[in-house]
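Enquirer: Data file start-v4.cif (mmCIF, C-alpha atoms) is appended below.
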data_query
#
loop_
_atom_site.label_atom_id
_atom_site.label_comp_id
_atom_site.auth_asym_id
_atom_site.auth_seq_id
_atom_site.Cartn_x
_atom_site.Cartn_y
_atom_site.Cartn_z
CA MET A 1 0.00 0.00 0.00
CA GLN A 2 2.80 2.36 0.89
CA ILE A 3 5.06 1.34 -1.98
CA PRO A 4 3.58 3.32 -4.90
CA VAL A 5 3.66 6.52 -2.88
CA VAL A 6 7.24 5.99 -1.87
CA ARG A 7 8.11 5.29 -5.49
CA ASN A 8 6.53 8.59 -6.60
CA ILE A 9 8.48 10.45 -3.96
CA LEU A 10 11.71 8.80 -5.05
CA GLU A 11 11.00 9.54 -8.72
CA ALA A 12 10.32 13.21 -8.03
CA ASN A 13 13.48 13.32 -5.96
CA GLU A 14 15.48 11.72 -8.74
CA LYS A 15 14.35 14.38 -11.23
CA THR A 16 15.43 17.21 -8.96
CA ALA A 17 18.70 15.41 -8.20
CA GLU A 18 19.46 15.07 -11.92
CA ARG A 19 18.88 18.78 -12.46
CA LEU A 20 21.23 19.57 -9.58
CA ARG A 21 23.82 17.13 -10.88
CA GLY A 22 23.76 18.90 -14.26
CA GLU A 23 24.30 22.25 -12.61
CA PHE A 24 27.17 20.94 -10.48
CA ALA A 25 28.78 19.40 -13.58
CA LYS A 26 28.53 22.64 -15.55
CA LYS A 27 30.17 24.59 -12.74
CA GLY A 28 32.76 21.89 -12.03
CA VAL A 29 31.75 21.59 -8.38
CA LEU A 30 32.58 18.29 -6.69
CA VAL A 31 29.67 17.34 -4.43
CA LEU A 32 30.02 14.77 -1.64
CA ASN A 33 27.09 13.45 0.41
CA LEU A 34 28.37 12.43 3.87
CA ILE A 35 26.31 9.70 5.51
CA SER A 36 26.79 8.01 8.89
CA SER A 37 25.17 7.16 12.20
CA PRO A 38 24.82 10.01 14.68
CA GLY A 39 28.18 10.74 16.24
CA ALA A 40 30.46 8.86 13.81
CA GLY A 41 32.38 12.07 13.18
CA LYS A 42 30.93 13.70 10.05
CA THR A 43 31.23 17.21 11.45
CA SER A 44 34.68 16.60 12.93
CA ALA A 45 35.92 15.22 9.60
CA LEU A 46 34.56 18.33 7.90
CA GLU A 47 36.15 20.68 10.41
CA ARG A 48 39.56 19.08 9.87
CA THR A 49 39.20 19.01 6.10
CA LEU A 50 38.00 22.61 5.87
CA ARG A 51 40.87 23.84 8.05
CA ASP A 52 43.58 21.75 6.44
CA LEU A 53 42.56 22.31 2.79
CA GLY A 54 41.08 25.79 3.16
CA GLY A 55 44.12 27.28 1.43
CA GLU A 56 43.81 24.93 -1.55
CA PHE A 57 40.11 24.87 -2.41
CA LYS A 58 36.99 26.92 -1.96
CA MET A 59 34.71 24.70 0.07
CA ALA A 60 31.13 25.04 1.27
CA VAL A 61 28.89 22.90 3.45
CA ILE A 62 25.19 22.18 3.58
CA GLU A 63 24.36 20.84 7.03
CA GLY A 64 21.32 18.61 7.55
CA ASP A 65 19.97 18.17 11.06
CA LEU A 66 16.63 17.51 12.65
CA GLN A 67 17.12 20.46 14.97
CA THR A 68 19.75 23.06 15.96
CA ASP A 69 22.32 24.91 13.89
CA ASN A 70 25.21 23.60 16.03
CA ASP A 71 26.93 21.91 13.11
CA ALA A 72 26.65 24.84 10.70
CA ARG A 73 28.16 27.05 13.38
CA ARG A 74 31.00 24.55 13.90
CA VAL A 75 31.92 24.40 10.23
CA ALA A 76 31.40 28.15 9.67
CA ALA A 77 34.00 28.73 12.39
CA THR A 78 36.59 27.32 9.97
CA GLY A 79 35.82 30.15 7.53
CA ALA A 80 33.85 27.98 5.07
CA SER A 81 30.41 28.95 3.79
CA ALA A 82 27.74 26.95 5.59
CA VAL A 83 24.00 26.61 5.22
CA GLN A 84 21.90 24.76 7.79
CA ILE A 85 18.84 22.75 6.82
CA ASN A 86 16.58 21.73 9.72
CA THR A 87 14.39 18.83 8.71
CA GLU A 88 12.12 19.27 11.78
CA GLY A 89 12.01 15.57 12.43
CA GLY A 90 12.70 14.35 8.89
CA CYS A 91 15.14 11.46 8.88
CA HIS A 92 17.08 12.34 5.71
CA LEU A 93 17.80 15.16 3.27
CA ASN A 94 16.26 15.19 -0.18
CA ALA A 95 17.19 16.93 -3.41
CA ASP A 96 14.61 19.67 -3.01
CA LEU A 97 15.98 20.66 0.39
CA VAL A 98 19.45 20.85 -1.16
CA ARG A 99 18.06 22.90 -4.08
CA ARG A 100 16.64 25.40 -1.63
CA ALA A 101 19.84 25.55 0.41
CA LEU A 102 21.76 26.33 -2.79
CA GLU A 103 19.93 29.67 -3.02
CA ASN A 104 22.30 30.76 -0.25
CA LEU A 105 25.51 29.61 -1.95
CA ASP A 106 27.44 30.85 -4.99
CA LEU A 107 28.38 27.79 -7.03
CA ASP A 108 30.73 29.87 -9.19
CA ASN A 109 32.85 30.31 -6.13
CA ILE A 110 32.94 26.71 -4.84
CA ASP A 111 35.26 23.82 -5.70
CA VAL A 112 33.88 21.28 -3.26
CA LEU A 113 30.42 21.19 -1.73
CA PHE A 114 29.99 18.85 1.22
CA VAL A 115 26.47 17.87 2.18
CA GLU A 116 26.35 16.51 5.73
CA ASN A 117 23.24 14.38 5.89
CA VAL A 118 21.08 13.70 8.95
CA GLY A 119 22.79 11.16 11.24
CA ASN A 120 21.15 7.94 10.08
CA LEU A 121 22.68 4.87 8.48
CA VAL A 122 19.47 3.86 6.70
CA CYS A 123 17.12 6.47 5.23
CA PRO A 124 19.53 9.00 3.64
CA VAL A 125 20.92 6.27 1.39
CA GLU A 126 17.70 6.17 -0.69
CA PHE A 127 17.69 9.85 -1.59
CA ASP A 128 19.96 11.06 -4.36
CA LEU A 129 20.98 14.69 -3.75
CA GLY A 130 22.68 15.17 -7.12
CA GLU A 131 26.04 14.39 -5.52
CA ASP A 132 29.03 12.88 -7.27
CA TYR A 133 29.54 10.40 -4.47
CA LYS A 134 28.18 9.22 -1.18
CA ILE A 135 30.90 9.03 1.47
CA ALA A 136 30.23 6.63 4.36
CA ILE A 137 31.69 7.35 7.77
CA LEU A 138 31.86 4.61 10.41
CA SER A 139 33.34 5.06 13.86
CA VAL A 140 35.26 2.13 15.33
CA ALA A 141 33.15 2.61 18.48
CA GLU A 142 30.11 1.38 16.51
CA GLY A 143 31.30 -2.17 15.96
CA ASP A 144 32.89 -4.07 13.09
CA ASP A 145 29.60 -5.77 12.11
CA LYS A 146 27.96 -2.60 10.80
CA PRO A 147 28.67 -3.08 7.06
CA GLU A 148 26.88 -6.47 7.13
CA LYS A 149 24.01 -5.12 9.20
CA TYR A 150 23.44 -1.89 7.26
CA PRO A 151 24.54 -2.95 3.78
CA SER A 152 22.91 -0.33 1.50
CA LEU A 153 25.19 2.54 2.41
CA PHE A 154 28.38 0.49 2.13
CA HIS A 155 27.18 -0.93 -1.17
CA LEU A 156 26.58 2.52 -2.70
CA ALA A 157 29.34 4.62 -1.17
CA LYS A 158 32.42 5.61 -3.18
CA ALA A 159 34.57 5.81 -0.07
CA LEU A 160 34.48 4.79 3.57
CA ILE A 161 36.11 6.89 6.25
CA LEU A 162 36.77 4.51 9.14
CA ASN A 163 37.03 7.07 11.89
CA LYS A 164 38.07 7.36 15.54
CA THR A 165 40.96 4.94 15.04
CA ASP A 166 42.48 6.50 18.18
CA LEU A 167 39.87 4.47 20.10
CA LEU A 168 41.00 1.13 18.65
CA PRO A 169 43.02 0.17 21.78
CA HIS A 170 39.89 0.68 23.90
CA VAL A 171 37.18 -1.07 21.88
CA GLU A 172 36.69 -4.50 20.40
CA PHE A 173 36.79 -3.70 16.72
CA ASP A 174 38.39 -5.91 14.10
CA VAL A 175 39.42 -3.52 11.30
CA GLU A 176 39.90 -6.39 8.89
CA ARG A 177 36.43 -7.79 9.55
CA ALA A 178 34.81 -4.38 8.99
CA GLU A 179 36.77 -3.71 5.81
CA LYS A 180 36.18 -7.18 4.42
CA GLY A 181 32.46 -6.81 5.17
CA ALA A 182 32.36 -3.49 3.35
CA ARG A 183 34.42 -4.69 0.36
CA ARG A 184 32.25 -7.79 0.01
CA LEU A 185 29.38 -5.37 -0.69
CA ASN A 186 31.48 -3.03 -2.77
CA PRO A 187 34.80 -4.33 -4.10
CA GLY A 188 35.94 -0.93 -5.40
CA LEU A 189 35.33 0.92 -2.13
CA GLU A 190 38.10 3.35 -1.14
CA ILE A 191 38.82 3.07 2.58
CA PHE A 192 40.54 5.72 4.69
CA GLU A 193 41.40 4.84 8.29
CA THR A 194 41.40 8.14 10.15
CA SER A 195 41.35 9.79 13.52
CA CYS A 196 39.93 13.28 13.23
CA LYS A 197 41.12 13.80 16.80
CA THR A 198 44.83 13.12 16.17
CA GLY A 199 44.83 13.75 12.41
CA ASP A 200 46.10 10.24 11.67
CA GLY A 201 45.32 9.01 8.18
CA LEU A 202 43.77 12.23 6.91
CA GLU A 203 46.47 12.80 4.29
CA ALA A 204 45.24 9.86 2.18
CA TRP A 205 41.69 11.29 2.28
CA TYR A 206 43.03 14.70 1.27
CA ASP A 207 44.97 13.19 -1.65
CA TRP A 208 41.83 11.48 -2.86
CA LEU A 209 39.91 14.76 -2.58
CA ARG A 210 42.60 16.60 -4.55
CA ARG A 211 42.41 14.04 -7.36
CA GLU A 212 38.63 14.18 -7.48
CA VAL A 213 38.54 17.98 -7.50
CA ARG A 214 41.00 18.04 -10.42
CA ALA A 215 38.99 15.42 -12.31
CA LYS A 216 35.74 17.31 -11.81
CA LYS A 217 37.27 20.59 -12.97
CA ALA A 218 38.83 18.87 -16.01
CA ALA A 219 35.48 17.35 -16.97
CA ALA A 220 33.81 20.78 -16.74
CA GLY A 221 36.44 22.07 -19.18
CA MET B 1 1.20 15.20 -0.25
CA GLN B 2 2.95 12.53 1.76
CA ILE B 3 1.45 13.52 5.09
CA PRO B 4 -2.03 11.95 4.88
CA VAL B 5 -0.53 8.60 3.88
CA VAL B 6 1.95 8.70 6.72
CA ARG B 7 -0.89 9.58 9.08
CA ASN B 8 -2.91 6.54 7.93
CA ILE B 9 0.09 4.31 8.46
CA LEU B 10 0.63 5.70 11.94
CA GLU B 11 -3.07 5.31 12.79
CA ALA B 12 -3.11 1.70 11.63
CA ASN B 13 0.05 1.08 13.60
CA GLU B 14 -1.47 2.68 16.70
CA LYS B 15 -4.47 0.33 16.56
CA THR B 16 -2.29 -2.75 16.37
CA ALA B 17 -0.04 -1.38 19.12
CA GLU B 18 -3.05 -0.85 21.40
CA ARG B 19 -4.19 -4.44 20.85
CA LEU B 20 -0.70 -5.68 21.70
CA ARG B 21 -0.53 -3.44 24.75
CA GLY B 22 -3.79 -4.95 26.00
CA GLU B 23 -2.46 -8.45 25.56
CA PHE B 24 0.82 -7.63 27.34
CA ALA B 25 -1.16 -6.06 30.23
CA LYS B 26 -3.40 -9.09 30.60
CA LYS B 27 -0.39 -11.40 30.75
CA GLY B 28 1.63 -9.06 32.99
CA VAL B 29 4.53 -8.94 30.55
CA LEU B 30 6.77 -5.87 30.82
CA VAL B 31 7.70 -4.77 27.29
CA LEU B 32 10.64 -2.46 26.60
CA ASN B 33 11.43 -0.96 23.20
CA LEU B 34 15.19 -0.35 22.95
CA ILE B 35 16.13 2.47 20.58
CA SER B 36 19.57 3.85 19.70
CA SER B 37 21.98 4.64 16.89
CA PRO B 38 23.77 1.68 15.34
CA GLY B 39 26.48 0.50 17.67
CA ALA B 40 25.43 2.27 20.87
CA GLY B 41 25.31 -1.08 22.65
CA LYS B 42 21.71 -2.31 22.56
CA THR B 43 22.70 -5.92 21.97
CA SER B 44 25.53 -5.81 24.52
CA ALA B 45 23.19 -4.34 27.14
CA LEU B 46 20.75 -7.15 26.42
CA GLU B 47 23.43 -9.84 26.62
CA ARG B 48 24.54 -8.59 30.06
CA THR B 49 20.98 -8.21 31.32
CA LEU B 50 19.88 -11.63 30.09
CA ARG B 51 22.90 -13.32 31.67
CA ASP B 52 22.80 -11.42 34.95
CA LEU B 53 19.02 -11.61 35.53
CA GLY B 54 18.35 -14.93 33.81
CA GLY B 55 17.90 -16.61 37.19
CA GLU B 56 15.33 -14.04 38.33
CA PHE B 57 13.03 -13.52 35.34
CA LYS B 58 11.90 -15.24 32.20
CA MET B 59 13.04 -12.94 29.41
CA ALA B 60 12.61 -12.96 25.65
CA VAL B 61 13.88 -10.75 22.86
CA ILE B 62 12.54 -9.64 19.51
CA GLU B 63 15.46 -8.46 17.39
CA GLY B 64 14.92 -5.97 14.58
CA ASP B 65 17.57 -5.62 11.91
CA LEU B 66 17.70 -4.71 8.26
CA GLN B 67 19.68 -7.86 7.50
CA THR B 68 21.38 -10.78 9.28
CA ASP B 69 20.37 -12.73 12.36
CA ASN B 70 23.63 -11.91 14.15
CA ASP B 71 21.91 -10.21 17.07
CA ALA B 72 19.30 -12.91 17.62
CA ARG B 73 22.10 -15.45 17.71
CA ARG B 74 24.02 -13.34 20.23
CA VAL B 75 21.10 -13.04 22.62
CA ALA B 76 19.96 -16.65 22.13
CA ALA B 77 23.44 -17.71 23.27
CA THR B 78 22.48 -16.42 26.74
CA GLY B 79 19.65 -18.97 26.87
CA ALA B 80 16.84 -16.46 26.29
CA SER B 81 14.15 -16.95 23.66
CA ALA B 82 14.90 -14.80 20.64
CA VAL B 83 13.05 -14.02 17.42
CA GLN B 84 14.70 -12.14 14.57
CA ILE B 85 12.77 -9.74 12.35
CA ASN B 86 14.56 -8.68 9.16
CA THR B 87 13.05 -5.48 7.82
CA GLU B 88 14.84 -5.89 4.45
CA GLY B 89 15.80 -2.25 4.31
CA GLY B 90 13.01 -0.88 6.53
CA CYS B 91 14.34 1.70 8.95
CA HIS B 92 12.19 0.85 11.97
CA LEU B 93 9.98 -1.85 13.47
CA ASN B 94 6.22 -1.47 13.53
CA ALA B 95 3.48 -3.07 15.62
CA ASP B 96 2.48 -5.52 12.93
CA LEU B 97 6.02 -6.91 12.65
CA VAL B 98 6.02 -7.37 16.43
CA ARG B 99 2.60 -9.02 16.28
CA ARG B 100 3.93 -11.53 13.77
CA ALA B 101 7.10 -12.17 15.79
CA LEU B 102 4.91 -12.93 18.83
CA GLU B 103 3.57 -16.00 17.03
CA ASN B 104 6.93 -17.55 17.93
CA LEU B 105 6.85 -16.65 21.62
CA ASP B 106 4.77 -17.87 24.57
CA LEU B 107 3.67 -14.80 26.50
CA ASP B 108 2.46 -16.97 29.40
CA ASN B 109 6.05 -17.86 29.97
CA ILE B 110 7.65 -14.40 29.77
CA ASP B 111 8.15 -11.73 32.44
CA VAL B 112 10.07 -9.24 30.33
CA LEU B 113 10.02 -8.87 26.56
CA PHE B 114 12.76 -6.71 25.08
CA VAL B 115 12.30 -5.42 21.56
CA GLU B 116 15.58 -4.30 20.04
CA ASN B 117 14.67 -1.85 17.32
CA VAL B 118 16.63 -1.16 14.12
CA GLY B 119 19.68 1.02 14.88
CA ASN B 120 18.32 4.45 14.11
CA LEU B 121 17.84 7.44 16.39
CA VAL B 122 15.03 8.92 14.32
CA CYS B 123 12.43 6.70 12.63
CA PRO B 124 11.72 4.05 15.28
CA VAL B 125 10.55 6.76 17.68
CA GLU B 126 7.35 7.36 15.68
CA PHE B 127 6.13 3.77 15.79
CA ASP B 128 4.43 2.51 18.93
CA LEU B 129 5.01 -1.23 19.35
CA GLY B 130 2.62 -1.66 22.27
CA GLU B 131 5.55 -1.36 24.67
CA ASP B 132 5.36 -0.08 28.22
CA TYR B 133 8.36 2.13 27.68
CA LYS B 134 10.90 3.21 25.13
CA ILE B 135 14.46 2.91 26.48
CA ALA B 136 17.05 5.15 24.82
CA ILE B 137 20.66 4.05 24.65
CA LEU B 138 23.40 6.56 23.88
CA SER B 139 27.08 5.71 23.73
CA VAL B 140 29.53 8.30 25.04
CA ALA B 141 31.45 7.84 21.77
CA GLU B 142 28.55 9.52 19.94
CA GLY B 143 28.94 12.96 21.51
CA ASP B 144 27.21 14.88 24.29
CA ASP B 145 25.15 16.98 21.85
CA LYS B 146 22.95 14.12 20.70
CA PRO B 147 19.92 14.78 22.95
CA GLU B 148 19.61 18.32 21.55
CA LYS B 149 20.15 17.16 17.99
CA TYR B 150 17.80 14.14 18.07
CA PRO B 151 15.23 15.32 20.60
CA SER B 152 12.22 13.08 19.90
CA LEU B 153 13.66 9.91 21.40
CA PHE B 154 14.94 11.62 24.53
CA HIS B 155 11.62 13.39 24.94
CA LEU B 156 9.61 10.15 24.81
CA ALA B 157 11.90 7.64 26.51
CA LYS B 158 11.25 6.47 30.05
CA ALA B 159 14.93 5.80 30.68
CA LEU B 160 18.29 6.57 29.12
CA ILE B 161 21.17 4.13 29.31
CA LEU B 162 24.31 6.22 28.86
CA ASN B 163 26.61 3.45 27.75
CA LYS B 164 30.31 2.78 27.13
CA THR B 165 31.32 4.92 30.12
CA ASP B 166 34.62 2.97 30.07
CA LEU B 167 35.49 5.15 27.03
CA LEU B 168 35.03 8.45 28.91
CA PRO B 169 38.78 8.95 29.47
CA HIS B 170 39.35 8.64 25.71
CA VAL B 171 36.58 10.80 24.23
CA GLU B 172 35.43 14.38 24.67
CA PHE B 173 32.06 13.82 26.26
CA ASP B 174 30.60 16.02 28.97
CA VAL B 175 28.23 13.74 30.90
CA GLU B 176 26.58 16.71 32.58
CA ARG B 177 25.88 18.42 29.25
CA ALA B 178 24.34 15.26 27.78
CA GLU B 179 22.19 14.59 30.84
CA LYS B 180 21.08 18.21 31.13
CA GLY B 181 20.20 18.20 27.44
CA ALA B 182 18.14 15.04 27.87
CA ARG B 183 16.42 16.22 31.08
CA ARG B 184 15.54 19.55 29.50
CA LEU B 185 13.46 17.52 27.03
CA ASN B 186 12.20 15.11 29.64
CA PRO B 187 12.51 16.14 33.29
CA GLY B 188 11.42 12.73 34.64
CA LEU B 189 13.92 10.73 32.58
CA GLU B 190 15.68 7.95 34.49
CA ILE B 191 19.37 7.88 33.58
CA PHE B 192 21.71 4.92 34.05
CA GLU B 193 25.41 5.44 33.39
CA THR B 194 26.73 2.04 32.36
CA SER B 195 29.58 0.17 30.79
CA CYS B 196 28.34 -3.12 29.37
CA LYS B 197 32.01 -4.01 28.90
CA THR B 198 33.06 -3.69 32.58
CA GLY B 199 29.59 -4.04 34.12
CA ASP B 200 29.81 -0.66 35.83
CA GLY B 201 26.47 0.90 36.66
CA LEU B 202 24.34 -2.04 35.59
CA GLU B 203 23.03 -2.73 39.09
CA ALA B 204 20.93 0.47 39.08
CA TRP B 205 19.41 -0.56 35.73
CA TYR B 206 18.67 -4.01 37.13
CA ASP B 207 17.00 -2.53 40.23
CA TRP B 208 14.81 -0.38 38.02
CA LEU B 209 13.90 -3.46 35.93
CA ARG B 210 13.03 -5.45 39.09
CA ARG B 211 10.71 -2.67 40.26
CA GLU B 212 9.01 -2.40 36.89
CA VAL B 213 8.54 -6.16 36.56
CA ARG B 214 6.91 -6.28 40.02
CA ALA B 215 4.67 -3.32 39.19
CA LYS B 216 3.56 -4.89 35.91
CA LYS B 217 2.78 -8.21 37.56
CA ALA B 218 0.88 -6.47 40.37
CA ALA B 219 -1.21 -4.52 37.85
CA ALA B 220 -2.06 -7.75 36.00
CA GLY B 221 -3.34 -9.16 39.32
#
Here is the file; what I need is its structure written in the form of structure tokens.
Expert:
Amino acid sequence: MQIPVVRNILEANEKTAERLRGEFAKKGVLVLNLISSPGAGKTSALERTLRDLGGEFKMAVIEGDLQTDNDARRVAATGASAVQINTEGGCHLNADLVRRALENLDLDNIDVLFVENVGNLVCPVEFDLGEDYKIAILSVAEGDDKPEKYPSLFHLAKALILNKTDLLPHVEFDVERAEKGARRLNPGLEIFETSCKTGDGLEAWYDWLRREVRAKKAAAG
Amino acid sequence: MQIPVVRNILEANEKTAERLRGEFAKKGVLVLNLISSPGAGKTSALERTLRDLGGEFKMAVIEGDLQTDNDARRVAATGASAVQINTEGGCHLNADLVRRALENLDLDNIDVLFVENVGNLVCPVEFDLGEDYKIAILSVAEGDDKPEKYPSLFHLAKALILNKTDLLPHVEFDVERAEKGARRLNPGLEIFETSCKTGDGLEAWYDWLRREVRAKKAAAG
């Protein structure tokens, strides 16, 4: 009974997402949709990235949260442009919310647009935002079984940031099990093992970002 | 456009939940709906509780997951009855899924029924399962801002298990901020600070459970 309605919603979303994707392509803006559980470190990863690469690229952030503008304030403190979307209870962003947020950003002046989705490992995965790639973030405090248990995100993501590696000595988390589980779903998955607290492992993520920014610009001509 | 459909779904769910609640009341079964992000420690809290109180009460578990029966196998290893529901991508349990799972359990032989919801801090909150109480679990690795950012659960829960306190020396988590944030939404919230790894703080949770089991039995006469 619910399925046809959901399908219509997804189809409408897909149309808006395709329009956005066209616009991003024309302007050469790399767009990354960051998805994770609450508290896996999306905002911390953004803060580090914005500070460390702020001299190389022009970056902007669309923050999705049920409530509060805490995260937009955190990322704006790095000097990046930030727009907050409050979903007022909604469990994911959709392309139309992103479209509206874009009214507050100047795409001609952005190399990388990060969209930080609502903290939720399930629902955001279904909704295309016109991004180039979904980036999964998993904290080692969440357990190494999460790729098997929440497969859709790991199946669709371009890259996985395995975060909070500084906690590895204090939790039972088998990095190999988690990475094998994720690569079983997605053999081409890029994996970055990082600690946004200590900075460990971020350089590999930054190198990947640099390559992708160059590729996107080159494609836009 | 979507709202009337969602309302119908919630109304249908509410009717089923009320029927279940009546059945649980008649049988004197205490039913707790455990809700958290992925990896906050729902299954670990259950494993400890089932082992430590297995001699006192007859306990059963309904496990909700998108995929796998990992969690049902983990809790069944304690000797408790366990039924796995796979939502196949669905982001929350609903009353009808619980109703169907109950076909595999004997309510006459159960004092406490735990329902472990899909790991998701948002969607499960909307769906009444006929439970006595929702129990929120938050891991200190997730950040002390989560009650403000995901208010619905903390507003509606009867109790909050603040878990993984063994990690407090290794993360930036202000227990007072988290608890204040949660109590601002819900002044009567019971809070248990626990480590399911070391066992710290579990006795207070067990005492609360003992009181609630007695009260439920007494009300059933």
Enquirer: What are the closest atom pairs, with distances in Å to one decimal, for all residues of chain A lying within 8 Å of chain B? Consider all atoms listed in the file, order rows by chain and residue number, and present the result as a tab-separated table.
Expert:
residue	atom	partner	partner_atom	distance
A:Gln2	CA	B:Val5	CA	7.7
A:Val5	CA	B:Gln2	CA	7.6
A:Ser37	CA	B:Ser37	CA	6.2
A:Pro38	CA	B:Ser37	CA	6.5
A:Gly39	CA	B:Glu142	CA	3.9
A:Ala40	CA	B:Glu142	CA	6.5
A:Asp65	CA	B:Lys149	CA	7.0
A:Leu66	CA	B:Lys149	CA	6.4
A:Gln67	CA	B:Lys149	CA	5.4
A:Thr68	CA	B:Lys149	CA	6.3
A:Gly89	CA	B:Val122	CA	7.5
A:Cys91	CA	B:Val122	CA	6.0
A:Asn120	CA	B:Asn120	CA	6.0
A:Leu121	CA	B:Asn120	CA	7.1
A:Val122	CA	B:Cys91	CA	6.0
A:Cys123	CA	B:Cys91	CA	6.7
A:Ala141	CA	B:Ala141	CA	6.4
A:Glu142	CA	B:Gly39	CA	3.9
A:Gly143	CA	B:Gly39	CA	5.8
A:Lys146	CA	B:Pro38	CA	7.5
A:Glu148	CA	B:Thr68	CA	7.3
A:Lys149	CA	B:Gln67	CA	5.4
A:Tyr150	CA	B:Leu66	CA	6.5
A:Pro151	CA	B:Gln67	CA	7.8
A:Ser152	CA	B:Gly89	CA	7.9
A:Leu167	CA	B:His170	CA	7.0
A:His170	CA	B:Leu167	CA	7.0
Enquirer: Place a sphere of radius 12 Å on (13.8, -4.6, 37.5) in the file coordinates and name every protein, DNA or RNA residue with an atom inside or on its surface, counting all atoms listed in the file; give the answer as an MDAnalysis selection string.
Expert: chainID B and resid 30:32 49:50 52:54 56:57 59 111:112 202:217
Enquirer: With the file shown as input, list the residues that the PyMOL selection byres ((chain B and resi 114) around 7) selects, as a list in words.
Expert: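 Written out, the selection comes to Val31, Leu32, Asn33, Ala60, Val61, Ile62, Val112, Leu113, Val115 and Glu116 of chain B.
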Enquirer: Measuring atom to atom with all atoms listed in the file, identify which of B:Leu93, B:Ile35, B:Leu168, B:Leu156 is nearest to Leu185 in chain B.
Expert: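 Closest to Leu185 in chain B, using all atoms listed in the file: B:Leu156.
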Enquirer: With all atoms listed in the file as the atoms that count, which of A:Ala159, A:Cys196, A:Ala25, A:Leu20 lies nearest to Thr43 in chain A?
Expert: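 That would be A:Cys196, the residue with the smallest distance to Thr43 in chain A.
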Enquirer: So that I can see what lies close to Arg73 in chain A, please list as number ranges by chain the residues with an atom at most 10 Å from it, counting all atoms listed in the file and leaving out residues fewer than 6 positions away in the same chain.
Expert: A: 63, 82-84
Enquirer: Pull C-alpha atoms from the residues just selected and write them as a PDB file, keeping the file's coordinate frame.
Expert:
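And here's selection.pdb as it stands now:
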ATOM      1  CA  GLU A  63      24.360  20.840   7.030  1.00  0.00           C
ATOM      2  CA  ALA A  82      27.740  26.950   5.590  1.00  0.00           C
ATOM      3  CA  VAL A  83      24.000  26.610   5.220  1.00  0.00           C
ATOM      4  CA  GLN A  84      21.900  24.760   7.790  1.00  0.00           C
TER       5      GLN A  84
END
Enquirer: Here's a test: counting all atoms listed in the file, identify every protein, DNA and RNA residue with an atom at most 9 Å from (9.5, 8.1, 21.8) in the file's coordinate frame, and state them as JSON, numbers by chain.
Expert: {"B": [35, 124, 125, 126, 127, 128, 133, 134, 135, 136, 152, 153, 154, 155, 156, 157, 158]}
